Amino acid sequence: MGEGRAVVMAGGEGSRLRPLTANRPKPLVPILNRPIMGHVVDLLAKHGFTDVTATLHYLSDHIQEAFGDGAEYGVGMRYFVEDSPLGTAGSVRQAYDHLHDGTFLIASGDALTDCDLGAAMAFHKDKGAKVTIVLKRVPNPLEFGIVITNANGRIERFLEKPGWSEVFSDTVNTGIYIVEGDVLDLMEPGRAYDWSQDIFPQLLSAGEPMFGYEMEGYWCDVGTIAQYMDAQRDALEGRVRLHAMPEPLSPGIWVGDGTIVDPQAMLVGPVFVGRDCRIKRRAVLEAGTVIGDGTIIEEDATVSGSVVGDGGYVGPSVQVSGAVVGSRVTIKRDSTIGDEAVIGDRCLIDVGAQIRPRIKLWPDKTVERGATVTMSLIHGNRWRGTLFRELGVAGLSNIEATPDFATRLGLAFGTTLPEHSRVVIARDSSRSSRMLKRSLVGALLGAGCDVVDLHGQPVPVLRHHVRSTGARAAINIRKLPNSDRTSLIEMFDGDAGYIPRAHERKVESAFFREEFRRIDPNELGEIEINASSRELYRRDFIELVPRRTRGRRPRVVVDYGFTSVSPILPGLLHEVGVEVISLNLHNDAHAAPRTHEQREAHLQQLGLIVGSLDSDLGLLVANEGERLFLVDEHGLPVTGNTLFAAMCELMVRSKPGVRIAMSVTAPQRLEELLVGRGAEVVRTRATGRDLVDSAARGDFGFVGDENGGFIWPEFHPGFDAMFGAAQVIAMLANEGLRLGELVQSLPEFHLLYEQVPCPWEAKGTVMRRFAEAHQGRDQVELTDGIKVYDSHGWVLLLPDTFLPVMHLYAESPSVEEARGQLEAVKGQVAGWVD
């Protein structure tokens with residue numbers, strides 16, 4: 001055993017390991033989720049070196065925070081910090097008072113080894129050495145200092161980083177030294193000295209006894225990314241004996257405490273998974289993979305021969321192969337990380353992005369959706385240039401949309417409002433929405449706003465409350481439609497529509513600059529828990545729903561879709577004279593149907609029940625009370641443009657001359673039908689947000705789309721499935737119609753839609769070429785995208801705002817003609833992209 005004193009040299013920057021060391025010192029780079037220096041200290045403690053001094057320079061506070069007093073590692077730690085570099089020997093000279101009166105061992109804090117330090121110390125004592133250098137045979141000695149010894153082990157010559165013509169040996173200096181304390185007397189305090197360049201040659205020239213101890217076992221200088229990956233693989237495969245290695249779950253598979261691996265996930269050893277991770281179904285971790293603590297690997301993701309740092313997120317269907325991914329990196333669905341790529345800490349790789357092999361991203365970079373990165377990114381900011389998407393601010397729940405993020409967003413929004421503005425807030429029943437709402441409420445109060453808390457009321461009730469009470473603004477927090485992993489934070493104006501784009505830019509400016517209003521503690525905002533919002537909604541609901549003028553009491557089956565409308569809608573329908581059979585009344589955001597496939601399954605079940613109970617109608621409520629889908633009396637689903645056309649036909653019959661807003665993507669044949677029946681039709685841009693804005697700021701009697709969204713602006717300007725349900729029941733009854741009969745009377749709509757991949761950089765060219773191709777020959781409309789009319793129908797080419805795709809719509813008298821138009825434009829777009 002050694003005499004107990006050791007020095008760990010831990011001042012290195014690790015410039016060849018960047019971007020991993022861009023904001024962490026090299027000794028803290030992890031091997032199997034433990035810092036390299038942690039493994040070094042483990043080894044020292046194992047061999048009795050429990051009095052440990054660390055010499056620090058680069059990011060010294062990080063190392064001191066990580067190791068503290070050393071108790072966690074079974075040693076006592078003290079630290080000496082170089083204000084300016086003092087060299088490998090000069091840094092140790094700082095600890096003269098502690099080291100000069102005995103023998104001590106020096107180890108590098110950034111080399112991985114399982115050297116028998118006790119045997120090295122015994123060798124040193126046996127030889128009576130002034131200095132012993134631990135040596136190791138390596139296949140390629142060019143990057144290291146060569147040490148030549150005689151048969152007795154006495155050092156005869158040093159050669160620092162030789163060329164092949166100078167290579168006389170394959171034994172190299174490992175940076176592990178055993179030194180007698182009086183060697184420190186050769187140095188003056190505060191001056192820079194290097195062991196290999198200055199002190200060892202001086203001792204050799206003076207004839208002092210210097211010996212080389214050739215170690216057995218493993219040693220790796222972790223100086224480059226390639227060496228870092230080699231060290232990870234060697235540790236996984238057992239080539240180095242690590243003191244802190246836990247027991248494997250099965251041969252070659254290590255899984256940390258608190259980690260949950262789905263039974264359908266596949267782990268192919270050797271694989272090391274840290275603590276508190278989640279490995280979802282059909283995820284694959286292939287040989288040579290290390291997963292950091294607290295990381296989530298989503299469904300169908302594959303990580304092969306890669307290192308993923310702590311707190312990471314690997315989204316659905318992501319492919320990571322032979323890469324190094326830093327801490328708290330978010331990789332969204334369908335992205336690909338190529339071989340030997342290195343992703344710095346806290347980077348965001350957005351949906352469908354590709355990181356080519358050997359690319360390096362420095363910390364805090366954002367790669368936009370669908371982008372292909374072919375050059376390393378060093379400069380730039382963490383956050384994307386905009387926060388707001390179509391409906392609001394969206395981010396992966398508790399990955400991007402965190403309490404910290406929500407607090408900053410709430411402060412930014414509150415700062416853009418006058419002091420003591422009344423802000424109404426509501427959320428769905430999901431845990432993430434509850435979490436985010438609490439952060440937003442605290443931030444709004446801190447920015448001097450008064451908060452009206454509606455708790456878990458559905459979106460239509462929130463919008464109606466804002467308009468009815470004259471509140472200045474509102475926030476709604478819920479899961480993003482079509483995604484149970486993403487949180488959506490929507491911001492509404494006093495008219496209950498979305499805040500204008502100009503207001504969004506003000507919020508973004510305050511957010512990015514962190515220019516938040518701070519309020520005197522005596523002037524902080526107040527919270528009002530409001531219990532009247534449902535009654536206000538009920539009062540106007542009952543007043544505006546048409547009275548049934550004839551026929552029997554309708555019998556309707558309602559699937560509430562596990563939404564927050566379930567405590568409200570049954571009573572409302574009962575009040576307007578509807579017999580209701582209820583399904584899925586429990587309010588559970590996690591179980592709510594979000595995807596097209598989930599809604600289809602609910603509609604199929606609903607249809608069976610409607611048919612078996614001889615009911616008049618089936619209703620499915622989705623998206624927190626915003627979307628409505630129907631099943632006719634025969635149990636057949638009525639959705640899409642057919643449902644929209646049926647609602648428009650009922651509105652024309654009940655309110656002759658009604659003014660209707662619909663998007664540019666709605667069928668031209670429907671517009672012609674409605675105009676022929678005396679209605680006025682106005683086209684809007686294609687998104688749901690644009691329809692809501694039209695309802696809030698235009699004079700319309702009805703607004704809707706093909707996705708089950710219907711708005712009656714006299715009630716409030718948002719999509720409302722509850723009000724829509726009562727309206728359609730009443731209008732059918734008053735017309736003496738059943739839904740199936742109405743649908744049979746409507747024309748067929750031959751409108752087709754496809755998404756066409758288009759890189760961001762090609763979108764402008766594609767739109768220009770499409771416009772040029774039809775210039776002067778066809779009728780062109782530019783409400784949203786480019787819509788071209790000819791004698792057979794129309795085609796719309798619409799670039800997506802947030803995805804690298806084009807939306808393509810075509811309508812013709814027949815499906816075959818519409819398909820032909822669609823295929824022709826698809827071919828053009830593909831050619832222009834290429």
# chains A, B, ... in the order shown; residues from 1 in each chain; ligands from 1
call {"tool": "residues_around", "arguments": {"residues": "Asp257 (chain A)", "least_positions_apart": "2", "cutoff": "8 Å", "atoms": "only C-alpha atoms", "output": "list in words"}}
result
Val255, Thr259, Gly274, Arg275 and Asp276 of chain A
call {"tool": "select_by_dssp", "arguments": {"residues": "region 655-784 of chain A", "states": "helix (DSSP H, G or I)", "output": "JSON, numbers by chain"}}
result
{"A": [668, 669, 670, 671, 672, 673, 674, 675, 676, 688, 689, 690, 691, 692, 693, 694, 695, 696, 697, 721, 722, 723, 724, 725, 726, 727, 728, 729, 730, 731, 732, 733, 734, 735, 739, 740, 741, 742, 743, 744, 745, 760, 761, 762, 763, 764, 765, 766, 767, 768, 769, 770, 771, 772, 773, 774]}
call {"tool": "closest_residue", "arguments": {"among": "A:Cys347, A:Leu643, A:Val284, A:Val307", "to": "Arg627 (chain A)", "atoms": "only C-alpha atoms"}}
result
A:Leu643
call {"tool": "closest_residue", "arguments": {"among": "A:Asp484, A:His57, A:Trp219, A:Ser468", "to": "Glu535 (chain A)", "atoms": "only C-alpha atoms"}}
result
A:Ser468
call {"tool": "residues_around", "arguments": {"residues": "Ala474 (chain A)", "least_positions_apart": "4", "cutoff": "9 Å", "atoms": "only C-alpha atoms", "output": "mmCIF file with N, CA and C atoms, in the first residue's frame"}}
result
data_model
loop_
_atom_site.group_PDB
_atom_site.id
_atom_site.type_symbol
_atom_site.label_atom_id
_atom_site.label_comp_id
_atom_site.auth_asym_id
_atom_site.auth_seq_id
_atom_site.Cartn_x
_atom_site.Cartn_y
_atom_site.Cartn_z
ATOM 1 N N ARG A 422 -56.365 41.753 -15.925
ATOM 2 C CA ARG A 422 -56.983 40.503 -15.511
ATOM 3 C C ARG A 422 -56.694 39.446 -16.583
ATOM 4 N N VAL A 423 -56.013 38.389 -16.178
ATOM 5 C CA VAL A 423 -55.663 37.293 -17.088
ATOM 6 C C VAL A 423 -56.378 36.036 -16.596
ATOM 7 N N VAL A 424 -57.207 35.468 -17.467
ATOM 8 C CA VAL A 424 -57.929 34.246 -17.132
ATOM 9 C C VAL A 424 -57.066 33.057 -17.542
ATOM 10 N N ILE A 425 -57.021 32.019 -16.708
ATOM 11 C CA ILE A 425 -56.159 30.873 -17.019
ATOM 12 C C ILE A 425 -56.909 29.574 -16.750
ATOM 13 N N ALA A 426 -56.697 28.598 -17.630
ATOM 14 C CA ALA A 426 -57.303 27.270 -17.474
ATOM 15 C C ALA A 426 -56.354 26.234 -18.055
ATOM 16 N N VAL A 452 -57.317 35.167 -12.899
ATOM 17 C CA VAL A 452 -58.594 34.508 -12.659
ATOM 18 C C VAL A 452 -58.418 33.041 -13.022
ATOM 19 N N LEU A 462 -63.514 28.787 -21.346
ATOM 20 C CA LEU A 462 -62.506 29.825 -21.137
ATOM 21 C C LEU A 462 -62.722 30.983 -22.099
ATOM 22 N N ARG A 463 -62.861 30.691 -23.377
ATOM 23 C CA ARG A 463 -63.045 31.771 -24.360
ATOM 24 C C ARG A 463 -64.325 32.569 -24.051
ATOM 25 N N VAL A 466 -63.794 34.933 -21.108
ATOM 26 C CA VAL A 466 -62.998 36.115 -21.452
ATOM 27 C C VAL A 466 -63.877 37.167 -22.107
ATOM 28 N N GLU A 490 -51.508 28.336 -25.027
ATOM 29 C CA GLU A 490 -52.197 29.263 -25.922
ATOM 30 C C GLU A 490 -52.448 30.576 -25.205
ATOM 31 N N MET A 491 -52.321 31.675 -25.937
ATOM 32 C CA MET A 491 -52.551 32.999 -25.371
ATOM 33 C C MET A 491 -53.645 33.695 -26.164
ATOM 34 N N PHE A 492 -54.682 34.161 -25.458
ATOM 35 C CA PHE A 492 -55.836 34.794 -26.080
ATOM 36 C C PHE A 492 -55.902 36.263 -25.698
ATOM 37 N N ASP A 493 -56.474 37.042 -26.614
ATOM 38 C CA ASP A 493 -56.678 38.464 -26.388
ATOM 39 C C ASP A 493 -58.016 38.683 -25.686
ATOM 40 N N GLY A 494 -58.350 39.946 -25.430
ATOM 41 C CA GLY A 494 -59.592 40.254 -24.753
ATOM 42 C C GLY A 494 -60.834 39.921 -25.552
ATOM 43 N N ALA A 496 -61.149 37.111 -27.056
ATOM 44 C CA ALA A 496 -61.135 35.641 -26.985
ATOM 45 C C ALA A 496 -60.524 34.988 -28.208
#
call {"tool": "closest_residue", "arguments": {"among": "A:Val728, A:Val461, A:Ala601, A:Ile260", "to": "Pro546 (chain A)", "atoms": "only C-alpha atoms"}}
result
A:Val728
call {"tool": "residues_around", "arguments": {"residues": "His750 (chain A)", "least_positions_apart": "5", "cutoff": "9 Å", "atoms": "only C-alpha atoms", "output": "list in words"}}
result
Pro667, Ala810, Glu811, Ser812, Pro813, Ser814, Val815, Glu816, Glu817 and Ala818 of chain A
call {"tool": "write_last_selection", "arguments": {"atoms": "C-alpha atoms", "output": "mmCIF file, in the first residue's frame"}}
result
data_model
loop_
_atom_site.group_PDB
_atom_site.id
_atom_site.type_symbol
_atom_site.label_atom_id
_atom_site.label_comp_id
_atom_site.auth_asym_id
_atom_site.auth_seq_id
_atom_site.Cartn_x
_atom_site.Cartn_y
_atom_site.Cartn_z
ATOM 1 C CA PRO A 667 -64.271 22.455 -51.705
ATOM 2 C CA ALA A 810 -56.616 19.327 -55.694
ATOM 3 C CA GLU A 811 -60.351 19.350 -56.511
ATOM 4 C CA SER A 812 -61.948 18.163 -59.750
ATOM 5 C CA PRO A 813 -65.297 16.761 -60.943
ATOM 6 C CA SER A 814 -63.954 13.220 -60.427
ATOM 7 C CA VAL A 815 -61.464 11.501 -58.153
ATOM 8 C CA GLU A 816 -59.440 10.394 -61.171
ATOM 9 C CA GLU A 817 -59.037 13.958 -62.442
ATOM 10 C CA ALA A 818 -58.149 15.252 -58.979
#
call {"tool": "residues_around", "arguments": {"residues": "Gly497 (chain A)", "least_positions_apart": "4", "cutoff": "12 Å", "atoms": "only C-alpha atoms", "output": "PyMOL selection string"}}
result
chain A and resi 391-392+459-460+462-464+466-467+472-476+490-493+501+688-698+711+713+716-719
call {"tool": "closest_residue", "arguments": {"among": "A:Leu751, A:Val131, A:Cys449, A:Leu409", "to": "Lys437 (chain A)", "atoms": "only C-alpha atoms"}}
result
A:Leu409
call {"tool": "atom_distance", "arguments": {"atom1": "CA of Gly11 (chain A)", "atom2": "CA of Ala226 (chain A)"}}
result
21.3 Å
call {"tool": "closest_residue", "arguments": {"among": "A:Ser108, A:Asn23, A:Gln94, A:Gln598", "to": "Trp362 (chain A)", "atoms": "only C-alpha atoms"}}
result
A:Asn23
call {"tool": "residues_around", "arguments": {"residues": "Arg16 (chain A)", "least_positions_apart": "4", "cutoff": "8 Å", "atoms": "only C-alpha atoms", "output": "PyMOL selection string"}}
result
chain A and resi 223-225
call {"tool": "closest_residue", "arguments": {"among": "A:Lys655, A:Arg24, A:Arg518, A:Arg78", "to": "Glu419 (chain A)", "atoms": "only C-alpha atoms"}}
result
A:Arg518
call {"tool": "residues_around", "arguments": {"residues": "Asp42 (chain A)", "least_positions_apart": "5", "cutoff": "9 Å", "atoms": "only C-alpha atoms", "output": "number ranges by chain"}}
result
A: 37, 47, 73-75, 242-244
call {"tool": "atom_distance", "arguments": {"atom1": "CA of Gly525 (chain A)", "atom2": "CA of Ser421 (chain A)"}}
result
8.8 Å
call {"tool": "atom_distance", "arguments": {"atom1": "CA of Glu649 (chain A)", "atom2": "CA of Leu673 (chain A)"}}
result
8.9 Å
